[in-house]
$ cat query_9.txt   # compact mmCIF, C-alpha atoms
# COMPACT_ATOMS: atom_id res chain seq x y z
CA MET A 1 -309.98 -73.46 85.74
CA THR A 2 -311.92 -74.64 88.80
CA PHE A 3 -315.50 -75.90 88.76
CA LEU A 4 -316.77 -72.64 90.26
CA GLY A 5 -314.69 -70.63 87.81
CA LYS A 6 -316.34 -72.40 84.87
CA ILE A 7 -319.82 -71.98 86.33
CA LYS A 8 -319.56 -68.31 87.34
CA PRO A 9 -320.01 -66.75 83.85
CA HIS A 10 -323.21 -68.76 83.45
CA LEU A 11 -324.70 -68.26 86.92
CA ILE A 12 -327.20 -65.80 85.47
CA SER A 13 -327.56 -67.09 81.92
CA LYS A 14 -330.02 -65.82 79.33
CA ASP A 15 -330.23 -69.40 78.07
CA LEU A 16 -332.69 -70.98 80.47
CA LEU A 17 -331.48 -74.51 79.72
CA ILE A 18 -327.99 -73.57 80.84
CA GLN A 19 -329.47 -71.80 83.84
CA GLU A 20 -331.32 -75.00 84.79
CA THR A 21 -328.13 -77.04 84.51
CA VAL A 22 -326.14 -74.58 86.61
CA LEU A 23 -328.80 -74.78 89.32
CA TYR A 24 -328.78 -78.60 89.14
CA ALA A 25 -325.00 -78.65 89.47
CA LEU A 26 -324.98 -76.31 92.46
CA HIS A 27 -327.91 -77.80 94.38
CA ASP A 28 -325.96 -80.41 96.36
CA TYR A 29 -322.53 -78.77 96.11
CA PRO A 30 -321.61 -77.53 99.62
CA ASN A 31 -319.20 -74.71 98.76
CA VAL A 32 -321.38 -72.26 96.85
CA PRO A 33 -320.20 -68.69 97.64
CA GLU A 34 -322.64 -66.70 99.76
CA GLU A 35 -322.70 -63.87 97.24
CA TRP A 36 -324.00 -66.29 94.59
CA THR A 37 -327.10 -66.89 96.71
CA ILE A 38 -327.69 -63.15 96.74
CA GLU A 39 -327.20 -62.90 92.99
CA LEU A 40 -329.60 -65.76 92.31
CA LEU A 41 -332.27 -64.36 94.63
CA LYS A 42 -332.10 -60.98 92.94
CA GLU A 43 -332.43 -62.68 89.55
CA ALA A 44 -335.42 -64.73 90.76
CA PHE A 45 -337.34 -61.62 91.72
CA THR A 46 -336.26 -59.62 88.69
CA ASN A 47 -336.90 -62.31 86.08
CA VAL A 48 -340.21 -64.00 86.87
CA GLN A 49 -339.60 -66.62 84.16
CA LYS A 50 -336.70 -67.97 86.21
CA GLN A 51 -338.35 -67.67 89.60
CA TYR A 52 -339.62 -71.24 89.90
CA SER A 53 -336.32 -72.90 89.00
CA ILE A 54 -334.16 -70.67 91.13
CA LEU A 55 -336.28 -70.82 94.26
CA ILE A 56 -336.55 -74.62 94.30
CA TYR A 57 -332.80 -75.13 93.84
CA ILE A 58 -331.20 -72.70 96.29
CA ASP A 59 -332.61 -74.25 99.46
CA HIS A 60 -329.26 -75.85 100.35
CA MET A 61 -327.31 -72.61 100.00
CA LYS A 62 -326.33 -70.44 102.96
CA PHE A 63 -328.70 -67.56 103.71
CA THR A 64 -327.10 -64.37 105.01
CA GLU A 65 -328.82 -61.28 106.40
CA GLU A 66 -328.91 -59.76 102.91
CA ALA A 67 -330.58 -62.90 101.56
CA VAL A 68 -333.23 -62.76 104.28
CA GLU A 69 -333.90 -59.10 103.53
CA ILE A 70 -334.35 -59.84 99.82
CA LEU A 71 -336.87 -62.57 100.63
CA LEU A 72 -338.79 -60.41 103.09
CA GLU A 73 -338.99 -57.57 100.60
CA ASN A 74 -340.13 -59.68 97.67
CA ILE A 75 -342.30 -62.50 99.03
CA PRO A 76 -345.34 -60.20 99.55
CA LYS A 77 -345.09 -59.20 95.87
CA MET A 78 -345.05 -62.78 94.57
CA ASP A 79 -347.82 -64.41 92.59
CA LYS A 80 -350.03 -66.40 94.95
CA SER A 81 -349.37 -69.59 92.99
CA LYS A 82 -345.63 -69.32 93.75
CA ILE A 83 -345.50 -67.64 97.12
CA HIS A 84 -345.10 -70.99 98.88
CA LEU A 85 -341.67 -71.31 97.22
CA GLY A 86 -340.46 -68.17 98.94
CA ILE A 87 -342.00 -69.06 102.28
CA ARG A 88 -340.39 -72.51 102.09
CA LEU A 89 -336.97 -70.84 101.93
CA LEU A 90 -337.69 -68.92 105.13
CA SER A 91 -337.78 -72.26 106.96
CA GLU A 92 -334.19 -72.87 105.82
CA ILE A 93 -332.92 -69.80 107.69
CA GLU A 94 -330.79 -70.64 110.71
CA PRO A 95 -332.85 -70.04 113.90
CA LYS A 96 -330.22 -67.66 115.31
CA LEU A 97 -330.41 -65.49 112.19
CA ALA A 98 -334.23 -65.69 112.15
CA PHE A 99 -334.38 -64.02 115.57
CA LYS A 100 -332.76 -60.89 114.11
CA TYR A 101 -335.84 -60.56 111.89
CA LYS A 102 -338.44 -61.90 114.28
CA GLU A 103 -340.86 -59.01 113.83
CA GLU A 104 -340.80 -59.27 110.01
CA LEU A 105 -340.85 -63.09 110.00
CA SER A 106 -343.68 -63.47 112.47
CA ARG A 107 -346.27 -63.34 109.67
CA TYR A 108 -344.70 -66.51 108.23
CA ILE A 109 -343.51 -68.35 111.36
CA SER A 110 -345.96 -69.52 114.02
CA ALA A 111 -345.67 -68.89 117.76
CA ASP A 112 -344.99 -72.61 118.33
CA GLU A 113 -342.16 -72.46 115.81
CA TRP A 114 -340.63 -69.45 117.57
CA SER A 115 -340.75 -71.40 120.85
CA PHE A 116 -338.91 -74.22 119.12
CA TYR A 117 -336.31 -71.79 117.74
CA GLU A 118 -335.84 -70.39 121.24
CA ARG A 119 -334.95 -73.85 122.57
CA VAL A 120 -332.61 -74.52 119.63
CA VAL A 121 -330.71 -71.27 120.18
CA ASN A 122 -330.90 -70.67 123.92
CA GLY A 123 -332.07 -73.95 125.46
CA SER A 124 -330.02 -75.78 128.05
CA LYS A 125 -328.44 -79.13 127.27
CA GLU A 126 -331.24 -80.87 129.13
CA GLU A 127 -333.97 -78.94 127.28
CA VAL A 128 -332.48 -79.52 123.84
CA TYR A 129 -331.81 -83.21 124.45
CA SER A 130 -335.27 -83.73 125.89
CA GLU A 131 -336.98 -82.32 122.79
CA TYR A 132 -334.53 -84.11 120.52
CA LYS A 133 -335.37 -87.47 122.07
CA GLU A 134 -339.11 -86.75 121.89
CA ILE A 135 -338.92 -85.96 118.19
CA VAL A 136 -336.73 -88.98 117.43
CA HIS A 137 -339.24 -91.16 119.28
CA ALA A 138 -342.12 -89.65 117.29
CA LEU A 139 -340.25 -90.24 114.03
CA GLU A 140 -339.50 -93.82 114.97
CA HIS A 141 -343.09 -94.64 115.82
CA GLY A 142 -344.81 -92.62 113.11
CA LYS A 143 -346.59 -94.44 110.32
CA TYR A 144 -344.89 -92.32 107.66
CA HIS A 145 -341.70 -90.28 107.47
CA GLU A 146 -342.55 -86.69 108.41
CA GLN A 147 -340.09 -84.38 106.67
CA SER A 148 -341.03 -81.34 108.77
CA LEU A 149 -340.45 -83.28 111.99
CA TYR A 150 -337.18 -84.66 110.66
CA SER A 151 -336.05 -81.11 109.79
CA LYS A 152 -336.69 -80.12 113.41
CA ALA A 153 -334.61 -83.07 114.62
CA LYS A 154 -331.74 -81.95 112.39
CA LYS A 155 -331.88 -78.41 113.79
CA LEU A 156 -331.66 -79.83 117.30
CA ALA A 157 -328.85 -82.20 116.29
CA LYS A 158 -326.92 -79.27 114.86
CA SER A 159 -327.38 -77.34 118.10
CA ILE A 160 -326.10 -80.34 120.06
CA VAL A 161 -322.99 -80.53 117.91
CA GLN A 162 -322.35 -76.77 117.93
CA HIS A 163 -322.54 -76.67 121.72
CA GLY A 164 -320.16 -79.62 122.05
CA TRP A 165 -322.79 -81.68 123.83
CA ILE A 166 -321.96 -84.94 122.06
CA THR A 167 -318.62 -86.71 121.81
CA GLU A 168 -317.10 -88.89 119.13
CA ASP A 169 -317.34 -91.84 121.53
CA GLU A 170 -321.08 -91.31 121.93
CA ILE A 171 -321.57 -91.22 118.17
CA GLU A 172 -319.47 -94.37 117.84
CA ARG A 173 -321.70 -96.16 120.35
CA ILE A 174 -324.79 -95.23 118.31
CA ILE A 175 -323.18 -96.41 115.07
CA GLN A 176 -322.01 -99.68 116.64
CA LYS A 177 -325.57 -100.34 117.80
CA GLU A 178 -326.93 -99.61 114.30
CA ARG A 179 -324.45 -102.02 112.72
CA LYS A 180 -326.21 -104.89 114.49
CA GLU A 181 -329.67 -103.96 113.21
CA GLU A 182 -331.31 -104.77 109.89
CA TRP A 183 -332.55 -101.19 109.47
CA PHE A 184 -331.13 -97.87 110.64
CA SER A 185 -333.19 -96.06 113.25
CA HIS A 186 -333.75 -92.30 113.04
CA GLU A 187 -331.23 -91.91 115.86
CA GLY A 188 -328.69 -93.69 113.67
CA ILE A 189 -329.52 -91.60 110.59
CA LEU A 190 -329.13 -88.42 112.62
CA ALA A 191 -325.80 -89.73 113.93
CA VAL A 192 -324.68 -89.91 110.29
CA TYR A 193 -325.73 -86.26 109.94
CA MET A 194 -323.66 -85.37 113.01
CA ILE A 195 -320.67 -87.24 111.59
CA GLY A 196 -320.82 -84.80 108.70
CA LEU A 197 -321.11 -81.78 110.99
CA LEU A 198 -318.09 -82.95 112.99
CA LYS A 199 -316.11 -83.87 109.83
CA LEU A 200 -315.22 -87.31 111.22
CA GLU A 201 -313.32 -88.59 108.18
CA SER A 202 -312.57 -91.95 109.79
CA TYR A 203 -316.17 -92.95 108.98
CA ILE A 204 -315.79 -92.44 105.22
CA PRO A 205 -315.12 -96.13 104.36
CA TYR A 206 -318.00 -97.33 106.55
CA LEU A 207 -320.47 -94.76 105.19
CA ALA A 208 -319.64 -95.88 101.65
CA THR A 209 -320.69 -99.43 102.51
CA LEU A 210 -324.17 -98.14 103.39
CA LEU A 211 -324.81 -97.18 99.76
CA THR A 212 -326.13 -100.68 99.05
CA ARG A 213 -328.88 -100.28 101.65
CA ASP A 214 -332.49 -99.81 100.58
CA GLU A 215 -333.24 -96.97 103.01
CA ASP A 216 -333.75 -93.70 101.16
CA ILE A 217 -333.63 -91.31 104.13
CA LEU A 218 -330.40 -92.94 105.32
CA LEU A 219 -328.96 -92.80 101.80
CA GLU A 220 -329.76 -89.10 101.47
CA GLU A 221 -327.95 -88.38 104.73
CA VAL A 222 -325.00 -90.60 103.82
CA SER A 223 -324.71 -88.85 100.45
CA SER A 224 -324.86 -85.37 101.97
CA THR A 225 -322.28 -86.27 104.60
CA LEU A 226 -319.85 -87.80 102.10
CA ILE A 227 -320.23 -84.87 99.69
CA GLY A 228 -319.46 -82.52 102.57
CA PHE A 229 -315.99 -84.00 103.03
CA GLN A 230 -315.02 -82.90 99.49
CA SER A 231 -312.05 -85.26 99.39
CA ASP A 232 -310.55 -87.87 97.09
CA GLU A 233 -310.72 -90.29 100.01
CA VAL A 234 -314.48 -90.24 99.44
CA VAL A 235 -313.98 -90.85 95.72
CA GLN A 236 -311.79 -93.88 96.47
CA ALA A 237 -314.32 -95.28 98.96
CA VAL A 238 -317.41 -94.66 96.81
CA GLY A 239 -315.84 -95.53 93.43
CA PRO A 240 -316.63 -99.27 93.60
CA TYR A 241 -320.30 -98.50 94.28
CA LEU A 242 -320.57 -96.69 90.95
CA LYS A 243 -320.34 -100.15 89.39
CA LYS A 244 -323.21 -101.70 91.39
CA SER A 245 -326.78 -101.39 90.12
CA GLU A 246 -328.21 -101.12 93.63
CA SER A 247 -325.99 -98.17 94.56
CA VAL A 248 -325.22 -96.29 91.33
CA ILE A 249 -327.90 -93.58 91.78
CA PHE A 250 -326.57 -92.29 95.09
CA ALA A 251 -322.93 -93.11 94.34
CA SER A 252 -323.01 -91.11 91.10
CA SER A 253 -324.63 -88.19 92.94
CA ILE A 254 -321.79 -88.19 95.47
CA ILE A 255 -318.98 -88.39 92.92
CA GLU A 256 -320.74 -85.79 90.74
CA ASN A 257 -320.45 -83.29 93.60
CA ILE A 258 -316.80 -83.87 94.46
CA LYS A 259 -314.95 -81.77 91.92
CA SER A 260 -311.59 -83.41 91.25
CA ASP A 261 -309.67 -85.17 88.51
CA LEU A 262 -309.98 -88.43 90.43
CA ALA A 263 -313.78 -88.05 90.53
CA VAL A 264 -313.85 -87.51 86.75
CA GLN A 265 -311.72 -90.59 86.22
CA ALA A 266 -313.90 -92.70 88.52
CA LEU A 267 -317.01 -91.74 86.53
CA ILE A 268 -315.32 -92.54 83.21
CA GLU A 269 -314.08 -95.90 84.47
CA ALA A 270 -317.51 -96.82 85.86
CA TYR A 271 -319.14 -95.83 82.57
CA ARG A 272 -316.80 -98.06 80.59
CA CYS A 273 -317.57 -100.97 82.90
CA SER A 274 -321.34 -100.51 82.72
CA GLY A 275 -323.52 -102.39 80.26
CA GLU A 276 -326.85 -100.93 81.38
CA LEU A 277 -328.21 -97.87 79.59
CA ASP A 278 -329.92 -96.34 82.62
CA GLU A 279 -326.69 -96.59 84.62
CA GLN A 280 -324.71 -95.13 81.74
CA ASP A 281 -327.07 -92.16 81.51
CA LEU A 282 -326.68 -91.46 85.23
CA LEU A 283 -322.90 -91.61 84.95
CA ILE A 284 -322.84 -89.37 81.88
CA GLU A 285 -325.02 -86.79 83.61
CA ALA A 286 -322.68 -86.83 86.61
CA LEU A 287 -319.70 -86.52 84.29
CA CYS A 288 -321.28 -83.56 82.47
CA HIS A 289 -321.83 -81.79 85.80
CA GLN A 290 -318.11 -82.03 86.53
CA PHE A 291 -317.55 -79.67 83.55
CA SER A 292 -314.19 -81.26 82.87
CA GLU A 293 -312.74 -81.34 79.35
CA LYS A 294 -311.50 -84.85 80.09
CA GLY A 295 -315.05 -86.16 79.78
CA LEU A 296 -315.66 -84.81 76.26
CA PRO A 297 -314.74 -88.00 74.31
CA VAL A 298 -316.89 -90.20 76.57
CA VAL A 299 -319.90 -87.88 76.45
CA SER A 300 -319.56 -87.53 72.66
CA ASP A 301 -319.53 -91.30 72.16
CA HIS A 302 -322.51 -91.79 74.49
CA MET A 303 -324.59 -89.25 72.60
CA LYS A 304 -324.23 -91.33 69.43
CA LYS A 305 -326.65 -93.87 70.91
CA ASP A 306 -330.06 -93.83 69.22
CA TYR A 307 -332.04 -94.17 72.44
CA THR A 308 -331.89 -93.18 76.12
CA SER A 309 -333.15 -94.69 79.35
CA GLY A 310 -335.40 -91.74 80.22
CA LEU A 311 -333.87 -91.66 83.71
CA VAL A 312 -332.13 -88.34 83.04
CA ASP A 313 -332.55 -85.47 80.59
CA ILE A 314 -329.42 -86.50 78.74
CA GLU A 315 -329.74 -83.94 75.92
CA LEU A 316 -330.01 -81.15 78.49
CA ALA A 317 -326.88 -82.40 80.26
CA ALA A 318 -324.87 -82.71 77.04
CA TYR A 319 -326.04 -79.39 75.54
CA SER A 320 -325.21 -77.43 78.70
CA TYR A 321 -321.93 -79.27 79.23
CA TYR A 322 -320.63 -78.41 75.77
CA SER A 323 -321.99 -74.87 75.92
CA ILE A 324 -320.48 -74.03 79.30
CA LEU A 325 -317.10 -75.39 78.18
CA GLY A 326 -317.38 -73.37 74.96
CA GLU A 327 -317.06 -76.52 72.85
CA SER A 328 -318.76 -76.97 69.50
CA HIS A 329 -320.56 -80.10 68.31
CA PRO A 330 -322.50 -80.74 65.09
CA GLU A 331 -325.54 -81.93 67.08
CA LEU A 332 -325.51 -79.17 69.67
CA MET A 333 -328.69 -77.49 68.42
CA ASP A 334 -330.43 -80.86 68.06
CA TRP A 335 -329.68 -81.54 71.71
CA LYS A 336 -331.01 -78.11 72.62
CA LEU A 337 -334.29 -78.67 70.82
CA ALA A 338 -334.70 -82.13 72.37
CA ALA A 339 -333.96 -80.66 75.80
CA LEU A 340 -336.55 -77.95 75.28
CA GLU A 341 -339.19 -80.49 74.37
CA SER A 342 -338.34 -82.63 77.37
CA VAL A 343 -337.78 -80.00 80.05
CA LEU A 344 -340.47 -77.51 79.04
CA ASP A 345 -342.89 -80.08 77.59
CA VAL A 346 -344.03 -78.15 74.55
CA LYS A 347 -345.14 -79.44 71.14
CA HIS A 348 -343.23 -76.89 69.09
CA PRO A 349 -339.66 -76.70 70.45
CA SER A 350 -338.52 -74.34 67.70
CA LYS A 351 -341.07 -71.78 68.86
CA GLN A 352 -340.06 -72.37 72.44
CA ASP A 353 -336.42 -71.87 71.45
CA ALA A 354 -337.30 -68.47 70.05
CA SER A 355 -339.12 -67.59 73.25
CA LEU A 356 -336.06 -68.51 75.29
CA GLN A 357 -333.89 -66.21 73.24
CA SER A 358 -336.30 -63.37 73.94
CA GLY A 359 -336.45 -64.21 77.61
CA THR A 360 -340.09 -65.36 77.58
CA ILE A 361 -341.36 -68.79 78.62
CA LEU A 362 -344.59 -70.19 77.26
CA LYS A 363 -345.41 -72.32 80.27
CA GLU A 364 -344.09 -73.51 83.63
CA PRO A 365 -341.44 -76.26 83.44
CA LYS A 366 -342.58 -79.73 84.39
CA VAL A 367 -340.84 -81.61 87.21
CA GLY A 368 -337.30 -82.41 86.12
CA ARG A 369 -335.37 -85.54 87.04
CA ASN A 370 -333.13 -83.49 89.36
CA ASP A 371 -335.91 -81.35 90.81
CA PRO A 372 -336.99 -81.74 94.45
CA CYS A 373 -339.77 -84.34 94.41
CA PRO A 374 -343.29 -82.83 94.56
CA CYS A 375 -344.27 -85.39 97.20
CA GLY A 376 -342.36 -83.34 99.79
CA SER A 377 -339.82 -86.01 100.73
CA GLY A 378 -336.94 -83.58 100.29
CA LYS A 379 -335.28 -85.92 97.79
CA LYS A 380 -334.60 -85.41 94.11
CA TYR A 381 -337.39 -86.66 91.86
CA LYS A 382 -335.16 -89.27 90.19
CA LYS A 383 -334.33 -90.70 93.63
CA CYS A 384 -337.95 -90.72 94.77
CA CYS A 385 -341.21 -90.89 92.80
CA GLY A 386 -339.32 -90.73 89.51
CA LYS A 387 -337.53 -94.04 90.02
$ encode --input "query_9.txt" --output "structure tokens"
Amino acid sequence: MTFLGKIKPHLISKDLLIQETVLYALHDYPNVPEEWTIELLKEAFTNVQKQYSILIYIDHMKFTEEAVEILLENIPKMDKSKIHLGIRLLSEIEPKLAFKYKEELSRYISADEWSFYERVVNGSKEEVYSEYKEIVHALEHGKYHEQSLYSKAKKLAKSIVQHGWITEDEIERIIQKERKEEWFSHEGILAVYMIGLLKLESYIPYLATLLTRDEDILLEEVSSTLIGFQSDEVVQAVGPYLKKSESVIFASSIIENIKSDLAVQALIEAYRCSGELDEQDLLIEALCHQFSEKGLPVVSDHMKKDYTSGLVDIELAAYSYYSILGESHPELMDWKLAALESVLDVKHPSKQDASLQSGTILKEPKVGRNDPCPCGSGKKYKKCCGK
């Protein structure tokens, strides 16, 4: 059975730990069916206990007209403490689709933003490039990385690619210039993004070499681009970087999201070569999120360790992995209770367990290792402030 086939029966799970894991596993995976986004949105607004987790994890999924309509209908009904989660998703809507709902969206999107959308959708090559260069310049000379400005640059870059206004030769010239520099510029990072949009597979080996760099925004874009190829060529190129301490976090995230037998084998091999507990935990989590039976012996042996690194919620990963595969384990309930204590941060996990079975949560989950970082960087917590 395929990865999606194994996940589908648990997409809307009554067990909130499994639900969390499913959302983790789908967050960076590029081929989530559009109808799943609809199903998750409906669940978020039907089951308030799940609302937080669902809304923070579906931002990478594709939003159709039906998804937009669900958001528009339900955001006004949301609790004020959570309404920002719904509004944040509106910013992920493609500008062209947003125009179809301009009247309804105008209460959430400013006039300046609509002017920007107009240039993205209908601007001439000169207009789009002019704004693109202005934003790249502002990013390059800003004191801090501005995620909102970077998101605008990506929308413009996507428009440039979709209109055919940039060639492979032009991207190659940018990349060749970046190779000579100590640090990637924002123009170079956005070129990596465009490599992904254009599916330029010839760059796979080079992009893998960038995983040893200490540039988080670049690494996020490299990871997203490599995951987007969904090929074993990526697994072969990234595999060696699973065995390097300086690159294992991003390398494991990439291999975790390429669902193939070769990816599973690469994770197992890297685990067996690793002597560091924090690296082993990362690799085991990635292996669990493959949901392959081939990983069962390795995960079982790892869970015999008496301590963890704290870098991942390892009990959550193991409990959900076994449960989704329908496998039994004598410590399954122990893992569940440990996961409850860690993920939901309560003093009496047995009581919390009972509340989960009844569909009631005692309190809001704390920030998980795989959650988007609260600082607003757009990165996962474990790759940002949780390092």
$ closest_residue --input "query_9.txt" --among "A:Leu337, A:Ile189, A:Val120, A:Met303" --to "Ile160 in chain A" --atoms "all atoms listed in the file"
A:Val120
$ closest_residue --input "query_9.txt" --among "A:Gly86, A:Gly310, A:Gly188, A:Gly275" --to "Lys243 in chain A" --atoms "only C-alpha atoms"
A:Gly275
$ residues_around --input "query_9.txt" --residues "range 206-219 of chain A" --least-positions-apart "6" --cutoff "8 Å" --atoms "all atoms listed in the file" --output "list in words"
Trp183, Phe184, Ile189, Leu226, Val234, Ala237, Val238, Tyr241, Glu246, Ser247, Phe250 and Ala251 of chain A
$ residues_around --input "query_9.txt" --residues "Phe229 in chain A" --least-positions-apart "6" --cutoff "8 Å" --atoms "all atoms listed in the file" --output "MDAnalysis selection string"
chainID A and resid 196 199 201
$ residues_around --input "query_9.txt" --residues "range 130-132 of chain A" --least-positions-apart "3" --cutoff "10 Å" --atoms "all atoms listed in the file" --output "PyMOL selection string"
chain A and resi 116+119-120+124-127+135-138+152-157+160+187
$ closest_residue --input "query_9.txt" --among "A:Glu146, A:Asp301, A:Glu331, A:Glu94" --to "Glu315 in chain A" --atoms "all atoms listed in the file"
A:Glu331
$ closest_residue --input "query_9.txt" --among "A:Ile258, A:Leu105, A:Ala339, A:Val68" --to "Pro30 in chain A" --atoms "only C-alpha atoms"
A:Ile258
$ residues_around --input "query_9.txt" --residues "Lys6 in chain A" --least-positions-apart "2" --cutoff "12 Å" --atoms "only C-alpha atoms" --output "JSON, numbers by chain"
{"A": [1, 2, 3, 4, 8, 9, 10, 11, 22, 25, 259, 289, 290, 291, 292, 293, 320, 321, 322, 323, 324, 325, 326]}
$ residues_near_point --input "query_9.txt" --point "(-321.3, -89.9, 87.1)" --cutoff "7 Å" --atoms "only C-alpha atoms" --output "short mmCIF file (atom, residue, chain, number, x, y, z; two decimals) with C-alpha atoms, in the frame of the given file"
data_model
loop_
_atom_site.label_atom_id
_atom_site.label_comp_id
_atom_site.auth_asym_id
_atom_site.auth_seq_id
_atom_site.Cartn_x
_atom_site.Cartn_y
_atom_site.Cartn_z
CA SER A 252 -323.01 -91.11 91.10
CA SER A 253 -324.63 -88.19 92.94
CA ILE A 255 -318.98 -88.39 92.92
CA GLU A 256 -320.74 -85.79 90.74
CA LEU A 267 -317.01 -91.74 86.53
CA LEU A 282 -326.68 -91.46 85.23
CA LEU A 283 -322.90 -91.61 84.95
CA ILE A 284 -322.84 -89.37 81.88
CA GLU A 285 -325.02 -86.79 83.61
CA ALA A 286 -322.68 -86.83 86.61
CA LEU A 287 -319.70 -86.52 84.29
#
$ residues_near_point --input "query_9.txt" --point "(-320.8, -99.7, 83.9)" --cutoff "10 Å" --atoms "only C-alpha atoms" --output "JSON, numbers by chain"
{"A": [242, 243, 244, 245, 248, 267, 268, 269, 270, 271, 272, 273, 274, 275, 276, 277, 278, 279, 280, 283]}
$ closest_residue --input "query_9.txt" --among "A:Leu316, A:Leu198, A:Ile38, A:Lys177" --to "Glu20 in chain A" --atoms "only C-alpha atoms"
A:Leu316
$ atom_distance --input "query_9.txt" --atom1 "CA of Ser328 in chain A" --atom2 "CA of Leu17 in chain A"
16.5 Å
$ closest_residue --input "query_9.txt" --among "A:Gln162, A:Ser185, A:Gln49, A:Trp335" --to "His145 in chain A" --atoms "only C-alpha atoms"
A:Ser185
$ atom_distance --input "query_9.txt" --atom1 "CA of Tyr108 in chain A" --atom2 "CA of Ile87 in chain A"
7.0 Å
$ build_atoms --input "query_9.txt" --residues "range 34-47 of chain A" --atoms "N, CA and C atoms" --output "PDB file, in the frame of the given file"
ATOM      1  N   GLU A  34    -321.450 -67.358  99.225  1.00  0.00           N
ATOM      2  CA  GLU A  34    -322.640 -66.700  99.760  1.00  0.00           C
ATOM      3  C   GLU A  34    -323.170 -65.625  98.812  1.00  0.00           C
ATOM      4  N   GLU A  35    -322.247 -64.941  98.130  1.00  0.00           N
ATOM      5  CA  GLU A  35    -322.700 -63.870  97.240  1.00  0.00           C
ATOM      6  C   GLU A  35    -323.467 -64.408  96.037  1.00  0.00           C
ATOM      7  N   TRP A  36    -323.255 -65.681  95.694  1.00  0.00           N
ATOM      8  CA  TRP A  36    -324.000 -66.290  94.590  1.00  0.00           C
ATOM      9  C   TRP A  36    -325.475 -66.442  94.975  1.00  0.00           C
ATOM     10  N   THR A  37    -325.717 -66.784  96.241  1.00  0.00           N
ATOM     11  CA  THR A  37    -327.100 -66.890  96.710  1.00  0.00           C
ATOM     12  C   THR A  37    -327.812 -65.563  96.539  1.00  0.00           C
ATOM     13  N   ILE A  38    -327.128 -64.487  96.884  1.00  0.00           N
ATOM     14  CA  ILE A  38    -327.690 -63.150  96.740  1.00  0.00           C
ATOM     15  C   ILE A  38    -328.003 -62.856  95.278  1.00  0.00           C
ATOM     16  N   GLU A  39    -327.037 -63.170  94.410  1.00  0.00           N
ATOM     17  CA  GLU A  39    -327.200 -62.900  92.990  1.00  0.00           C
ATOM     18  C   GLU A  39    -328.384 -63.676  92.408  1.00  0.00           C
ATOM     19  N   LEU A  40    -328.510 -64.927  92.822  1.00  0.00           N
ATOM     20  CA  LEU A  40    -329.600 -65.760  92.310  1.00  0.00           C
ATOM     21  C   LEU A  40    -330.957 -65.278  92.831  1.00  0.00           C
ATOM     22  N   LEU A  41    -331.009 -64.879  94.083  1.00  0.00           N
ATOM     23  CA  LEU A  41    -332.270 -64.360  94.630  1.00  0.00           C
ATOM     24  C   LEU A  41    -332.701 -63.095  93.901  1.00  0.00           C
ATOM     25  N   LYS A  42    -331.764 -62.215  93.658  1.00  0.00           N
ATOM     26  CA  LYS A  42    -332.100 -60.980  92.940  1.00  0.00           C
ATOM     27  C   LYS A  42    -332.621 -61.301  91.536  1.00  0.00           C
ATOM     28  N   GLU A  43    -331.990 -62.285  90.891  1.00  0.00           N
ATOM     29  CA  GLU A  43    -332.430 -62.680  89.550  1.00  0.00           C
ATOM     30  C   GLU A  43    -333.835 -63.287  89.604  1.00  0.00           C
ATOM     31  N   ALA A  44    -334.107 -64.075  90.636  1.00  0.00           N
ATOM     32  CA  ALA A  44    -335.420 -64.730  90.760  1.00  0.00           C
ATOM     33  C   ALA A  44    -336.549 -63.715  90.856  1.00  0.00           C
ATOM     34  N   PHE A  45    -336.274 -62.607  91.541  1.00  0.00           N
ATOM     35  CA  PHE A  45    -337.340 -61.620  91.720  1.00  0.00           C
ATOM     36  C   PHE A  45    -337.331 -60.530  90.664  1.00  0.00           C
ATOM     37  N   THR A  46    -336.311 -60.546  89.825  1.00  0.00           N
ATOM     38  CA  THR A  46    -336.260 -59.620  88.690  1.00  0.00           C
ATOM     39  C   THR A  46    -336.820 -60.275  87.444  1.00  0.00           C
ATOM     40  N   ASN A  47    -336.494 -61.562  87.271  1.00  0.00           N
ATOM     41  CA  ASN A  47    -336.900 -62.310  86.080  1.00  0.00           C
ATOM     42  C   ASN A  47    -337.888 -63.397  86.504  1.00  0.00           C
TER      43      ASN A  47
END
